[in-house]
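Content type mmCIF, C-alpha atoms, from the file data.cif:
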```
data_protein
loop_
_atom_site.group_PDB
_atom_site.id
_atom_site.type_symbol
_atom_site.label_atom_id
_atom_site.label_comp_id
_atom_site.auth_asym_id
_atom_site.auth_seq_id
_atom_site.Cartn_x
_atom_site.Cartn_y
_atom_site.Cartn_z
ATOM 1 C CA MET J 1 0.000 0.000 0.000
ATOM 2 C CA GLU J 2 1.089 3.549 -0.658
ATOM 3 C CA LYS J 3 2.200 5.488 2.363
ATOM 4 C CA GLN J 4 -0.067 8.451 3.059
ATOM 5 C CA ASN J 5 1.614 11.813 3.137
ATOM 6 C CA ASN J 6 1.351 13.601 6.451
ATOM 7 C CA THR J 7 3.242 16.132 8.519
ATOM 8 C CA SER J 8 5.647 13.536 9.953
ATOM 9 C CA ASP J 9 6.802 12.483 6.496
ATOM 10 C CA GLN J 10 7.329 15.681 4.559
ATOM 11 C CA ASP J 11 9.763 14.214 2.031
ATOM 12 C CA THR J 12 7.303 11.653 0.690
ATOM 13 C CA PRO J 13 5.294 13.101 -2.183
ATOM 14 C CA PRO J 14 1.543 12.558 -1.967
ATOM 15 C CA ALA J 15 0.500 9.159 -3.281
ATOM 16 C CA ASP J 16 -0.274 9.654 -6.950
ATOM 17 C CA SER J 17 -3.056 7.415 -8.184
ATOM 18 C CA THR J 18 -3.439 8.940 -11.648
ATOM 19 C CA PRO J 19 -4.161 5.966 -13.891
ATOM 20 C CA LYS J 20 -1.207 5.847 -16.289
ATOM 21 C CA VAL J 21 1.972 4.154 -17.496
ATOM 22 C CA THR J 22 5.013 4.774 -15.283
ATOM 23 C CA GLY J 23 7.684 2.754 -17.058
ATOM 24 C CA ILE J 24 8.662 -0.163 -19.285
ATOM 25 C CA GLY J 25 8.068 -3.461 -17.482
ATOM 26 C CA GLY J 26 9.159 -5.826 -20.203
ATOM 27 C CA ILE J 27 10.291 -6.417 -23.753
ATOM 28 C CA PHE J 28 9.331 -9.676 -25.437
ATOM 29 C CA PHE J 29 10.294 -10.677 -28.950
ATOM 30 C CA PHE J 30 10.055 -13.633 -31.294
ATOM 31 C CA THR J 31 13.047 -15.784 -32.056
ATOM 32 C CA ASP J 32 13.266 -19.015 -34.066
ATOM 33 C CA ASN J 33 15.536 -20.526 -31.450
ATOM 34 C CA PRO J 34 14.954 -19.090 -27.963
ATOM 35 C CA GLN J 35 17.647 -21.254 -26.330
ATOM 36 C CA GLU J 36 20.349 -20.206 -28.795
ATOM 37 C CA THR J 37 19.267 -16.565 -28.554
ATOM 38 C CA LYS J 38 19.499 -16.596 -24.758
ATOM 39 C CA GLU J 39 22.922 -18.231 -24.884
ATOM 40 C CA TRP J 40 24.150 -15.667 -27.406
ATOM 41 C CA TYR J 41 22.979 -12.689 -25.327
ATOM 42 C CA SER J 42 24.431 -14.250 -22.205
ATOM 43 C CA LYS J 43 27.820 -14.975 -23.782
ATOM 44 C CA ASN J 44 28.246 -11.816 -25.836
ATOM 45 C CA LEU J 45 26.336 -9.151 -23.946
ATOM 46 C CA GLY J 46 26.507 -10.502 -20.405
ATOM 47 C CA LEU J 47 22.762 -10.882 -19.842
ATOM 48 C CA GLU J 48 22.027 -13.053 -16.838
ATOM 49 C CA ILE J 49 19.317 -15.536 -17.775
ATOM 50 C CA ASN J 50 17.152 -16.581 -14.820
ATOM 51 C CA GLU J 51 15.298 -19.836 -14.184
ATOM 52 C CA TRP J 52 12.273 -18.582 -16.128
ATOM 53 C CA GLY J 53 14.433 -18.082 -19.210
ATOM 54 C CA ALA J 54 14.283 -14.308 -18.971
ATOM 55 C CA SER J 55 16.691 -11.597 -17.978
ATOM 56 C CA SER J 56 15.633 -9.074 -15.383
ATOM 57 C CA PHE J 57 16.938 -5.508 -15.203
ATOM 58 C CA ASP J 58 16.584 -3.678 -11.907
ATOM 59 C CA SER J 59 16.132 0.047 -11.562
ATOM 60 C CA ARG J 60 14.696 2.298 -8.865
ATOM 61 C CA ASN J 61 11.657 4.506 -8.945
ATOM 62 C CA ILE J 62 12.712 8.087 -9.672
ATOM 63 C CA ASP J 63 10.569 9.591 -6.882
ATOM 64 C CA LYS J 64 10.711 6.668 -4.462
ATOM 65 C CA PRO J 65 14.289 5.321 -4.648
ATOM 66 C CA GLU J 66 13.428 2.614 -2.097
ATOM 67 C CA GLU J 67 11.135 1.021 -4.700
ATOM 68 C CA ILE J 68 12.831 -1.484 -6.994
ATOM 69 C CA ASN J 69 11.379 -1.712 -10.486
ATOM 70 C CA THR J 70 12.160 -4.598 -12.779
ATOM 71 C CA LEU J 71 12.121 -4.920 -16.525
ATOM 72 C CA GLN J 72 11.794 -8.413 -17.976
ATOM 73 C CA TRP J 73 13.611 -9.210 -21.220
ATOM 74 C CA SER J 74 12.399 -12.416 -22.776
ATOM 75 C CA PRO J 75 12.668 -14.076 -26.190
ATOM 76 C CA PHE J 76 9.606 -16.122 -27.228
ATOM 77 C CA LYS J 77 9.398 -18.895 -29.802
ATOM 78 C CA THR J 78 8.278 -17.408 -33.138
ATOM 79 C CA GLY J 79 4.520 -17.761 -33.541
ATOM 80 C CA SER J 80 3.811 -17.948 -29.794
ATOM 81 C CA ASP J 81 0.125 -17.420 -28.960
ATOM 82 C CA TYR J 82 1.163 -14.992 -26.285
ATOM 83 C CA PHE J 83 1.345 -12.086 -28.745
ATOM 84 C CA ALA J 84 -1.953 -12.947 -30.505
ATOM 85 C CA PRO J 85 -4.024 -11.326 -31.925
ATOM 86 C CA SER J 86 -1.079 -9.021 -32.729
ATOM 87 C CA LYS J 87 0.883 -10.084 -35.785
ATOM 88 C CA LYS J 88 4.016 -8.241 -34.689
ATOM 89 C CA GLU J 89 7.330 -9.820 -33.758
ATOM 90 C CA PHE J 90 7.517 -8.034 -30.423
ATOM 91 C CA MET J 91 5.377 -7.038 -27.468
ATOM 92 C CA ILE J 92 5.976 -4.376 -24.851
ATOM 93 C CA ASN J 93 4.917 -4.617 -21.217
ATOM 94 C CA TYR J 94 4.185 -1.246 -19.629
ATOM 95 C CA ARG J 95 4.324 -0.745 -15.873
ATOM 96 C CA VAL J 96 1.207 1.120 -14.730
ATOM 97 C CA GLN J 97 -0.307 2.547 -11.586
ATOM 98 C CA ASN J 98 -4.005 2.209 -10.699
ATOM 99 C CA ILE J 99 -4.689 -0.504 -13.276
ATOM 100 C CA GLU J 100 -8.428 -0.622 -12.463
ATOM 101 C CA GLY J 101 -8.783 3.131 -12.979
ATOM 102 C CA LEU J 102 -6.749 2.934 -16.168
ATOM 103 C CA LEU J 103 -8.873 0.117 -17.567
ATOM 104 C CA ASP J 104 -12.089 2.024 -16.807
ATOM 105 C CA LYS J 105 -10.671 5.016 -18.653
ATOM 106 C CA LEU J 106 -9.565 2.877 -21.615
ATOM 107 C CA LYS J 107 -13.022 1.261 -21.853
ATOM 108 C CA GLU J 108 -14.668 4.685 -21.826
ATOM 109 C CA ASN J 109 -12.312 5.736 -24.605
ATOM 110 C CA GLY J 110 -13.273 2.736 -26.722
ATOM 111 C CA VAL J 111 -9.876 1.015 -26.565
ATOM 112 C CA THR J 112 -9.891 -2.737 -27.295
ATOM 113 C CA ILE J 113 -9.470 -4.669 -24.043
ATOM 114 C CA LEU J 114 -8.579 -8.320 -24.628
ATOM 115 C CA GLU J 115 -9.576 -9.803 -21.264
ATOM 116 C CA ASP J 116 -10.297 -9.073 -17.597
ATOM 117 C CA ILE J 117 -7.568 -8.129 -15.130
ATOM 118 C CA VAL J 118 -5.751 -11.227 -13.857
ATOM 119 C CA THR J 119 -4.023 -11.138 -10.455
ATOM 120 C CA TYR J 120 -0.858 -13.085 -9.621
ATOM 121 C CA ASP J 121 1.567 -12.925 -6.658
ATOM 122 C CA TYR J 122 3.719 -10.519 -8.650
ATOM 123 C CA GLY J 123 1.011 -8.161 -9.796
ATOM 124 C CA LYS J 124 -2.058 -7.520 -11.889
ATOM 125 C CA PHE J 125 -2.072 -7.960 -15.646
ATOM 126 C CA VAL J 126 -4.324 -7.061 -18.536
ATOM 127 C CA HIS J 127 -3.820 -6.916 -22.300
ATOM 128 C CA ILE J 128 -5.109 -4.281 -24.690
ATOM 129 C CA MET J 129 -4.559 -3.363 -28.340
ATOM 130 C CA ASP J 130 -3.058 -0.061 -29.408
ATOM 131 C CA THR J 131 -4.308 1.908 -32.382
ATOM 132 C CA GLN J 132 -2.061 0.125 -34.906
ATOM 133 C CA GLY J 133 -2.373 -3.552 -34.059
ATOM 134 C CA ASN J 134 0.178 -3.921 -31.284
ATOM 135 C CA LYS J 135 -0.860 -5.998 -28.304
ATOM 136 C CA ILE J 136 0.177 -4.270 -25.101
ATOM 137 C CA GLU J 137 0.682 -5.893 -21.709
ATOM 138 C CA LEU J 138 -0.213 -3.648 -18.784
ATOM 139 C CA TRP J 139 1.243 -4.621 -15.414
ATOM 140 C CA GLU J 140 0.729 -3.152 -12.004
ATOM 141 C CA PRO J 141 3.416 -4.751 -9.822
ATOM 142 C CA VAL J 142 2.697 -5.619 -6.203
ATOM 143 C CA MET K 143 79.128 -27.063 -29.482
ATOM 144 C CA LYS K 144 78.875 -24.951 -26.351
ATOM 145 C CA LYS K 145 77.625 -22.093 -28.488
ATOM 146 C CA ILE K 146 74.857 -24.280 -29.880
ATOM 147 C CA ILE K 147 73.774 -25.412 -26.413
ATOM 148 C CA LEU K 148 73.811 -21.809 -25.240
ATOM 149 C CA LEU K 149 71.769 -20.761 -28.240
ATOM 150 C CA PHE K 150 69.290 -23.577 -27.630
ATOM 151 C CA PHE K 151 69.050 -22.558 -23.964
ATOM 152 C CA ALA K 152 68.415 -18.932 -24.944
ATOM 153 C CA PHE K 153 65.693 -20.129 -27.298
ATOM 154 C CA ALA K 154 64.110 -22.280 -24.622
ATOM 155 C CA VAL K 155 64.087 -19.419 -22.113
ATOM 156 C CA THR K 156 62.511 -17.065 -24.651
ATOM 157 C CA PHE K 157 59.926 -19.707 -25.523
ATOM 158 C CA VAL K 158 58.971 -20.299 -21.870
ATOM 159 C CA LEU K 159 58.950 -16.556 -21.148
ATOM 160 C CA GLY K 160 56.711 -16.064 -24.136
ATOM 161 C CA PHE K 161 54.275 -18.571 -22.728
ATOM 162 C CA ALA K 162 54.355 -16.938 -19.323
ATOM 163 C CA PHE K 163 53.692 -13.540 -20.883
ATOM 164 C CA LYS K 164 50.874 -14.932 -23.003
ATOM 165 C CA SER K 165 49.187 -16.493 -20.004
ATOM 166 C CA VAL K 166 49.431 -13.175 -18.142
ATOM 167 C CA THR K 167 47.823 -11.250 -21.012
ATOM 168 C CA THR K 168 45.201 -13.941 -21.589
ATOM 169 C CA LYS K 169 44.325 -13.837 -17.924
ATOM 170 C CA SER K 170 43.777 -10.084 -18.064
ATOM 171 C CA VAL K 171 41.486 -10.514 -21.078
ATOM 172 C CA ASN K 172 39.538 -13.203 -19.208
ATOM 173 C CA SER K 173 39.051 -10.991 -16.192
ATOM 174 C CA GLN K 174 37.735 -8.255 -18.503
ATOM 175 C CA GLN K 175 35.168 -10.701 -19.833
ATOM 176 C CA SER K 176 33.643 -10.998 -16.386
ATOM 177 C CA ILE K 177 32.812 -7.281 -16.231
ATOM 178 C CA LYS K 178 29.202 -6.259 -16.599
ATOM 179 C CA LYS K 179 28.354 -5.612 -20.260
ATOM 180 C CA VAL K 180 24.704 -4.699 -20.736
ATOM 181 C CA THR K 181 23.422 -2.804 -17.689
ATOM 182 C CA GLY K 182 19.883 -2.039 -18.802
ATOM 183 C CA ILE K 183 17.460 -1.239 -21.595
ATOM 184 C CA GLY K 184 18.183 2.143 -23.153
ATOM 185 C CA GLY K 185 15.409 2.147 -25.698
ATOM 186 C CA ILE K 186 12.678 0.340 -27.526
ATOM 187 C CA PHE K 187 11.981 1.352 -31.107
ATOM 188 C CA PHE K 188 9.248 -0.066 -33.319
ATOM 189 C CA LYS K 189 7.823 0.482 -36.768
ATOM 190 C CA CYS K 190 4.299 1.718 -37.413
ATOM 191 C CA LYS K 191 2.282 3.351 -40.183
ATOM 192 C CA ASP K 192 1.849 6.710 -38.494
ATOM 193 C CA PRO K 193 4.288 7.607 -35.689
ATOM 194 C CA LYS K 194 2.576 10.919 -34.966
ATOM 195 C CA ALA K 195 -0.807 9.264 -34.447
ATOM 196 C CA MET K 196 0.887 6.557 -32.411
ATOM 197 C CA ARG K 197 2.533 9.077 -30.053
ATOM 198 C CA ALA K 198 -0.782 10.900 -29.665
ATOM 199 C CA TRP K 199 -2.599 7.642 -28.843
ATOM 200 C CA TYR K 200 -0.108 6.635 -26.142
ATOM 201 C CA ALA K 201 -0.237 10.150 -24.677
ATOM 202 C CA ALA K 202 -4.046 10.260 -24.631
ATOM 203 C CA HIS K 203 -4.727 6.752 -23.367
ATOM 204 C CA LEU K 204 -1.694 5.655 -21.378
ATOM 205 C CA GLY K 205 -0.364 8.981 -20.101
ATOM 206 C CA LEU K 206 3.031 8.991 -21.842
ATOM 207 C CA ASN K 207 4.639 12.423 -21.970
ATOM 208 C CA THR K 208 5.507 12.465 -25.629
ATOM 209 C CA ASN K 209 7.616 14.768 -27.777
ATOM 210 C CA GLU K 210 8.485 14.710 -31.466
ATOM 211 C CA TYR K 211 10.896 11.769 -30.893
ATOM 212 C CA GLY K 212 8.635 9.609 -28.744
ATOM 213 C CA ALA K 213 8.852 9.459 -24.975
ATOM 214 C CA VAL K 214 11.568 9.123 -22.360
ATOM 215 C CA PHE K 215 11.152 7.031 -19.234
ATOM 216 C CA GLU K 216 13.102 8.345 -16.266
ATOM 217 C CA TRP K 217 14.361 6.120 -13.437
ATOM 218 C CA ARG K 218 17.195 5.695 -10.946
ATOM 219 C CA GLN K 219 20.033 3.249 -11.396
ATOM 220 C CA GLY K 220 19.646 0.083 -9.326
ATOM 221 C CA SER K 221 23.338 0.007 -8.463
ATOM 222 C CA ASP K 222 23.577 3.688 -7.493
ATOM 223 C CA THR K 223 20.344 5.509 -6.699
ATOM 224 C CA SER K 224 22.060 8.914 -6.888
ATOM 225 C CA LYS K 225 22.331 8.386 -10.659
ATOM 226 C CA LYS K 226 19.439 8.701 -13.059
ATOM 227 C CA GLY K 227 18.830 6.484 -16.046
ATOM 228 C CA PHE K 228 16.658 6.869 -19.115
ATOM 229 C CA THR K 229 14.868 4.608 -21.583
ATOM 230 C CA GLN K 230 13.836 6.047 -24.924
ATOM 231 C CA TRP K 231 10.543 4.878 -26.466
ATOM 232 C CA SER K 232 10.051 5.718 -30.134
ATOM 233 C CA PRO K 233 7.646 4.659 -32.854
ATOM 234 C CA PHE K 234 9.330 4.894 -36.292
ATOM 235 C CA ASN K 235 7.767 5.190 -39.696
ATOM 236 C CA GLU K 236 7.538 1.718 -41.260
ATOM 237 C CA LYS K 237 9.726 2.923 -44.144
ATOM 238 C CA THR K 238 12.608 3.831 -41.829
ATOM 239 C CA ARG K 239 16.054 2.592 -42.805
ATOM 240 C CA TYR K 240 17.283 2.941 -39.212
ATOM 241 C CA PHE K 241 16.774 -0.761 -38.448
ATOM 242 C CA GLU K 242 18.619 -1.970 -41.580
ATOM 243 C CA PRO K 243 19.991 -4.471 -42.372
ATOM 244 C CA SER K 244 17.433 -5.982 -39.994
ATOM 245 C CA THR K 245 13.990 -6.471 -41.538
ATOM 246 C CA LYS K 246 12.283 -6.767 -38.121
ATOM 247 C CA ASP K 247 9.604 -4.383 -36.953
ATOM 248 C CA PHE K 248 11.414 -3.508 -33.720
ATOM 249 C CA MET K 249 14.880 -2.659 -32.425
ATOM 250 C CA ILE K 250 16.179 -2.680 -28.858
ATOM 251 C CA ASN K 251 18.786 -0.294 -27.472
ATOM 252 C CA TYR K 252 20.924 -1.763 -24.699
ATOM 253 C CA ARG K 253 22.781 0.377 -22.162
ATOM 254 C CA ILE K 254 26.371 -0.810 -21.841
ATOM 255 C CA GLU K 255 29.682 0.080 -20.206
ATOM 256 C CA ASN K 256 33.093 0.277 -21.909
ATOM 257 C CA VAL K 257 31.874 0.267 -25.497
ATOM 258 C CA GLU K 258 35.391 0.104 -26.992
ATOM 259 C CA THR K 259 36.354 -2.972 -24.949
ATOM 260 C CA LEU K 260 33.028 -4.644 -25.644
ATOM 261 C CA ILE K 261 33.284 -4.094 -29.403
ATOM 262 C CA GLU K 262 36.811 -5.583 -29.438
ATOM 263 C CA GLU K 263 35.498 -8.646 -27.626
ATOM 264 C CA LEU K 264 32.493 -8.960 -29.938
ATOM 265 C CA LYS K 265 34.721 -8.748 -33.025
ATOM 266 C CA LYS K 266 36.968 -11.476 -31.623
ATOM 267 C CA SER K 267 33.881 -13.631 -31.071
ATOM 268 C CA GLY K 268 32.867 -13.158 -34.713
ATOM 269 C CA VAL K 269 29.830 -10.974 -34.021
ATOM 270 C CA THR K 270 28.729 -8.757 -36.938
ATOM 271 C CA VAL K 271 29.474 -5.136 -36.117
ATOM 272 C CA VAL K 272 27.404 -2.962 -38.463
ATOM 273 C CA ASP K 273 29.183 0.390 -38.092
ATOM 274 C CA THR K 274 31.857 2.208 -36.105
ATOM 275 C CA ILE K 275 31.435 3.823 -32.690
ATOM 276 C CA GLU K 276 29.853 7.281 -32.961
ATOM 277 C CA SER K 277 30.312 9.724 -30.091
ATOM 278 C CA TYR K 278 27.781 12.349 -29.096
ATOM 279 C CA GLU K 279 27.570 14.433 -25.947
ATOM 280 C CA TYR K 280 24.920 12.106 -24.578
ATOM 281 C CA GLY K 281 26.908 8.960 -25.228
ATOM 282 C CA LYS K 282 28.587 6.583 -27.623
ATOM 283 C CA PHE K 283 26.645 4.414 -30.049
ATOM 284 C CA VAL K 284 27.386 1.387 -32.184
ATOM 285 C CA HIS K 285 25.203 -1.233 -33.876
ATOM 286 C CA ILE K 286 25.624 -4.991 -34.097
ATOM 287 C CA LEU K 287 23.534 -7.946 -35.313
ATOM 288 C CA ASP K 288 22.345 -10.841 -33.176
ATOM 289 C CA PRO K 289 22.353 -14.388 -34.656
ATOM 290 C CA GLU K 290 18.797 -14.031 -36.032
ATOM 291 C CA GLY K 291 19.377 -10.737 -37.801
ATOM 292 C CA ASN K 292 18.037 -8.367 -35.158
ATOM 293 C CA LYS K 293 19.933 -5.109 -35.252
ATOM 294 C CA ILE K 294 20.962 -4.084 -31.753
ATOM 295 C CA GLU K 295 21.834 -0.565 -30.691
ATOM 296 C CA LEU K 296 24.511 -0.404 -28.015
ATOM 297 C CA TRP K 297 24.642 2.835 -26.030
ATOM 298 C CA GLU K 298 27.233 3.855 -23.486
ATOM 299 C CA PRO K 299 25.164 6.683 -22.026
ATOM 300 C CA ASN K 300 26.091 10.017 -20.591
ATOM 301 C CA ASP K 301 22.871 10.405 -18.606
ATOM 302 C CA ILE K 302 23.653 13.920 -17.395
ATOM 303 C CA GLU K 303 24.026 15.191 -20.965
ATOM 304 C CA PHE K 304 21.005 13.176 -22.107
ATOM 305 C CA GLU K 305 18.885 14.842 -19.419
ATOM 306 C CA LYS K 306 20.162 18.293 -20.479
ATOM 307 C CA LEU K 307 19.204 17.548 -24.062
ATOM 308 C CA GLY K 308 15.653 16.736 -22.993
ATOM 309 C CA GLU K 309 15.451 19.943 -20.977
ATOM 310 C CA GLN K 310 16.710 21.942 -23.970
ATOM 311 C CA ILE K 311 13.825 20.754 -26.143
ATOM 312 C CA GLY K 312 11.410 21.215 -23.246
ATOM 313 C CA ALA K 313 10.551 17.513 -23.087
ATOM 314 C CA LYS K 314 8.890 16.066 -19.993
ATOM 315 C CA THR K 315 9.848 12.545 -18.992
ATOM 316 C CA THR K 316 7.423 9.765 -18.125
ATOM 317 C CA LYS K 317 7.772 8.254 -14.646
#
```

Go ahead and express the file in the form of C-alpha cells.
Amino acid sequence: MEKQNNTSDQDTPPADSTPKVTGIGGIFFFTDNPQETKEWYSKNLGLEINEWGASSFDSRNIDKPEEINTLQWSPFKTGSDYFAPSKKEFMINYRVQNIEGLLDKLKENGVTILEDIVTYDYGKFVHIMDTQGNKIELWEPV
Amino acid sequence: MKKIILLFFAFAVTFVLGFAFKSVTTKSVNSQQSIKKVTGIGGIFFKCKDPKAMRAWYAAHLGLNTNEYGAVFEWRQGSDTSKKGFTQWSPFNEKTRYFEPSTKDFMINYRIENVETLIEELKKSGVTVVDTIESYEYGKFVHILDPEGNKIELWEPNDIEFEKLGEQIGAKTTK
C-alpha cells in the first residue's frame, strides 16, 4: 500500500493514483531458437538468464528510490500465442499505476481490451490493443 | 658445441617466457570478460504506419509524456540511486532505414559500459558489427547484429548530458 503523506513524512510526495503508465516493465520478442538466442545474449552481452528463461533488469523509482522496479527481457518462440491477436514480432509490457482506474478510462475511450484483469503474486495484468495492431501488456506490480 | 647449447638454452628461455607472458595477457582478457556488459534497456523502437498518431494515442490513453521523438522514461540506477537512467521509447515510420539491415519491426537499445572494450570482444567472437562507434555528448553508439538478424543498438550513455538535451527541447519525462 502507498504510504499516506502527512506532517511527519514531509519528504514523501503525496500518493499519486493517476491511472497511467510509469515505465517499461518488459520487452518480449520472437526468435526461431529461444535457447540459442538466450545463450548468445548471455555470452556476448553478459545478460544473466534466470530460471524462467528471462533476464531481469533492476532500476529504482525516480521519486521513491526505495522502490525497486524490474524490466523483464524475454525471447519467445516465433509464432507464440502470447502475442496474438497481434501479428508483430515483439510485445511491450508497460508498468502502470491504478490498473483498475486505467482500464475504466480505456473502456470509456473505446480502446480494445482483450480480457479481464488477472491477479498473480507478482502483480495484476491485462492486455489491450493499441491503435495500430500492437498488443500491449499492462502490469501493475505488487 | 657450447655455443649451440647456449643458443638452444636462450631459445628455450625465450619460448617459456613467451608462454608466461601470453598467459598473463590472456588472464587479463579473461578478467575483462567478467565485467558487466549490458546494464539495462536504453530504448525500444518499433515500426508503425503513423508515428505521430501513435505518439498521440499513447499520450491520450496511457499517459506517456511524448515529444516529437517519442517518450523518455526516467528512473534511478539500481546500483547507485544517486544516478538517473533513461529509456527512450520511439515509434518509427515503417519505411525507416534505421533498423537496416534488420527487416524486423522492432529494435532494442541496450545500455552498456566500456563500449570500446566490448566491441573488441564482440569482433573477436565473430559478431557482426554494423558500423563504427559514434560519439555524441549524450553517449557513444554502435550497432551490431544478433544471430537471427536483429539489429541491436549499443549505447554507453552520458545520462547527465542526455537529461540536459531533454530539458533543452522542453521535453517532460514519463515516470

Using all atoms listed in the file, what table do you get, as a Markdown table, when you list each residue of chain K with an atom no more than 9 Å from chain J, its nearest pair of atoms, and their distance in Å rounded to one decimal, rows by chain then rising number?
```
| residue | atom | partner | partner_atom | distance |
| --- | --- | --- | --- | --- |
| K:Gln175 | CA | J:Gly46 | CA | 8.7 |
| K:Ser176 | CA | J:Gly46 | CA | 8.2 |
| K:Ile177 | CA | J:Gly46 | CA | 8.2 |
| K:Lys178 | CA | J:Gly46 | CA | 6.3 |
| K:Lys179 | CA | J:Gly46 | CA | 5.2 |
| K:Val180 | CA | J:Leu45 | CA | 5.7 |
| K:Thr181 | CA | J:Phe57 | CA | 7.5 |
| K:Gly182 | CA | J:Phe57 | CA | 5.8 |
| K:Ile183 | CA | J:Phe57 | CA | 7.7 |
| K:Ile186 | CA | J:Ile27 | CA | 8.1 |
| K:Phe188 | CA | J:Phe90 | CA | 8.7 |
| K:Cys190 | CA | J:Gln132 | CA | 7.0 |
| K:Lys191 | CA | J:Gln132 | CA | 7.6 |
| K:Asp192 | CA | J:Gln132 | CA | 8.5 |
| K:Ala195 | CA | J:Thr131 | CA | 8.4 |
| K:Met196 | CA | J:Thr131 | CA | 7.0 |
| K:Trp199 | CA | J:Thr131 | CA | 7.0 |
| K:Tyr200 | CA | J:Asp130 | CA | 8.0 |
| K:His203 | CA | J:Leu106 | CA | 6.4 |
| K:Leu204 | CA | J:Lys20 | CA | 5.1 |
| K:Gly205 | CA | J:Lys20 | CA | 5.0 |
| K:Leu206 | CA | J:Val21 | CA | 6.6 |
| K:Phe215 | CA | J:Gly23 | CA | 5.9 |
| K:Glu216 | CA | J:Ile62 | CA | 6.6 |
| K:Trp217 | CA | J:Ile62 | CA | 4.6 |
| K:Arg218 | CA | J:Arg60 | CA | 4.7 |
| K:Gln219 | CA | J:Ser59 | CA | 5.0 |
| K:Gly220 | CA | J:Ser59 | CA | 4.2 |
| K:Ser221 | CA | J:Ser59 | CA | 7.8 |
| K:Thr223 | CA | J:Pro65 | CA | 6.4 |
| K:Ser224 | CA | J:Pro65 | CA | 8.8 |
| K:Lys226 | CA | J:Ile62 | CA | 7.6 |
| K:Gly227 | CA | J:Ser59 | CA | 8.3 |
| K:Thr229 | CA | J:Ile24 | CA | 8.2 |
| K:Trp231 | CA | J:Ile24 | CA | 9.0 |
| K:Lys246 | CA | J:Glu89 | CA | 7.3 |
| K:Asp247 | CA | J:Glu89 | CA | 6.7 |
| K:Phe248 | CA | J:Phe90 | CA | 6.8 |
| K:Ile250 | CA | J:Ile27 | CA | 8.6 |
| K:Ile254 | CA | J:Leu45 | CA | 8.6 |
| K:Leu260 | CA | J:Leu45 | CA | 8.2 |
| K:Glu263 | CA | J:Asn44 | CA | 8.1 |
| K:Leu264 | CA | J:Asn44 | CA | 6.6 |
| K:Ser267 | CA | J:Asn44 | CA | 7.9 |
| K:Val269 | CA | J:Asn44 | CA | 8.4 |
| K:Asp288 | CA | J:Trp40 | CA | 7.7 |
| K:Pro289 | CA | J:Thr37 | CA | 7.2 |
| K:Glu290 | CA | J:Thr31 | CA | 7.2 |
| K:Thr316 | CA | J:Thr22 | CA | 6.2 |
| K:Lys317 | CA | J:Thr22 | CA | 4.5 |
```

Take atom CA of Asn209 of chain K and atom CA of Lys314 of chain K and report the distance between them in Å, one decimal. 8.0 Å

Between K:His285, K:Gly212, K:Lys225, K:Ile294, which is the closest to Ala198 of chain K once you count all atoms listed in the file? K:Gly212

List the neighbours of Lys124 of chain J out to 7 Å using only C-alpha atoms; skip same-chain residues closer than 6 positions along the sequence, and give me the result as a PyMOL selection string. chain J and resi 117-118+139-141

Taken to one decimal, the atom CA of Phe187 of chain K-atom CA of Met249 of chain K distance is 5.1 Å

What does the structure give for the distance between atom CA of Tyr252 of chain K and atom CA of Gly291 of chain K, in Å to one decimal? 16.0 Å

Using all atoms listed in the file, which of K:Thr208, K:Asn300, K:Ser244, K:Asn251 sits nearest Tyr280 of chain K?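 Among the listed residues, K:Asn300 lies closest to Tyr280 of chain K.
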
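Closest approach to Ile49 of chain J from the set J:Ser74, J:Tyr120, J:Gly25, J:Asp16 is made by J:Ser74, with distances taken over all atoms listed in the file.
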
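Ranking K:Gly184, K:Phe234, K:Asp222, K:Tyr211 by their shortest atom-to-atom distance to Leu296 of chain K, with only C-alpha atoms included, puts K:Gly184 first.
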
Suppose a student applies the PyMOL selection byres ((chain J and resi 128) around 7) to this structure; what residues should they get, written as a VMD selection string? chain J and resid 112 to 114 126 to 127 129 to 130 135 to 137

Completed segment 17-26 of chain J (N, CA and C atoms) as a PDB file, keeping the file's coordinate frame:
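What ended up in out_20.pdb:
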```
ATOM      1  N   SER J  17      -2.318   8.572  -7.681  1.00  0.00           N
ATOM      2  CA  SER J  17      -3.056   7.415  -8.184  1.00  0.00           C
ATOM      3  C   SER J  17      -3.598   7.667  -9.584  1.00  0.00           C
ATOM      4  N   THR J  18      -3.036   8.688 -10.265  1.00  0.00           N
ATOM      5  CA  THR J  18      -3.439   8.940 -11.648  1.00  0.00           C
ATOM      6  C   THR J  18      -3.275   7.657 -12.457  1.00  0.00           C
ATOM      7  N   PRO J  19      -4.319   7.200 -13.119  1.00  0.00           N
ATOM      8  CA  PRO J  19      -4.161   5.966 -13.891  1.00  0.00           C
ATOM      9  C   PRO J  19      -3.301   6.194 -15.129  1.00  0.00           C
ATOM     10  N   LYS J  20      -2.096   5.627 -15.139  1.00  0.00           N
ATOM     11  CA  LYS J  20      -1.207   5.847 -16.289  1.00  0.00           C
ATOM     12  C   LYS J  20      -0.018   4.883 -16.282  1.00  0.00           C
ATOM     13  N   VAL J  21       0.728   4.918 -17.385  1.00  0.00           N
ATOM     14  CA  VAL J  21       1.972   4.154 -17.496  1.00  0.00           C
ATOM     15  C   VAL J  21       3.070   4.906 -16.751  1.00  0.00           C
ATOM     16  N   THR J  22       3.904   4.144 -16.008  1.00  0.00           N
ATOM     17  CA  THR J  22       5.013   4.774 -15.283  1.00  0.00           C
ATOM     18  C   THR J  22       6.381   4.293 -15.769  1.00  0.00           C
ATOM     19  N   GLY J  23       6.391   3.250 -16.583  1.00  0.00           N
ATOM     20  CA  GLY J  23       7.684   2.754 -17.058  1.00  0.00           C
ATOM     21  C   GLY J  23       7.524   1.566 -17.990  1.00  0.00           C
ATOM     22  N   ILE J  24       8.665   1.049 -18.462  1.00  0.00           N
ATOM     23  CA  ILE J  24       8.662  -0.163 -19.285  1.00  0.00           C
ATOM     24  C   ILE J  24       8.874  -1.348 -18.337  1.00  0.00           C
ATOM     25  N   GLY J  25       7.972  -2.304 -18.371  1.00  0.00           N
ATOM     26  CA  GLY J  25       8.068  -3.461 -17.482  1.00  0.00           C
ATOM     27  C   GLY J  25       8.618  -4.692 -18.173  1.00  0.00           C
ATOM     28  N   GLY J  26       8.637  -4.659 -19.510  1.00  0.00           N
ATOM     29  CA  GLY J  26       9.159  -5.826 -20.203  1.00  0.00           C
ATOM     30  C   GLY J  26       9.233  -5.656 -21.697  1.00  0.00           C
TER      31      GLY J  26
END
```
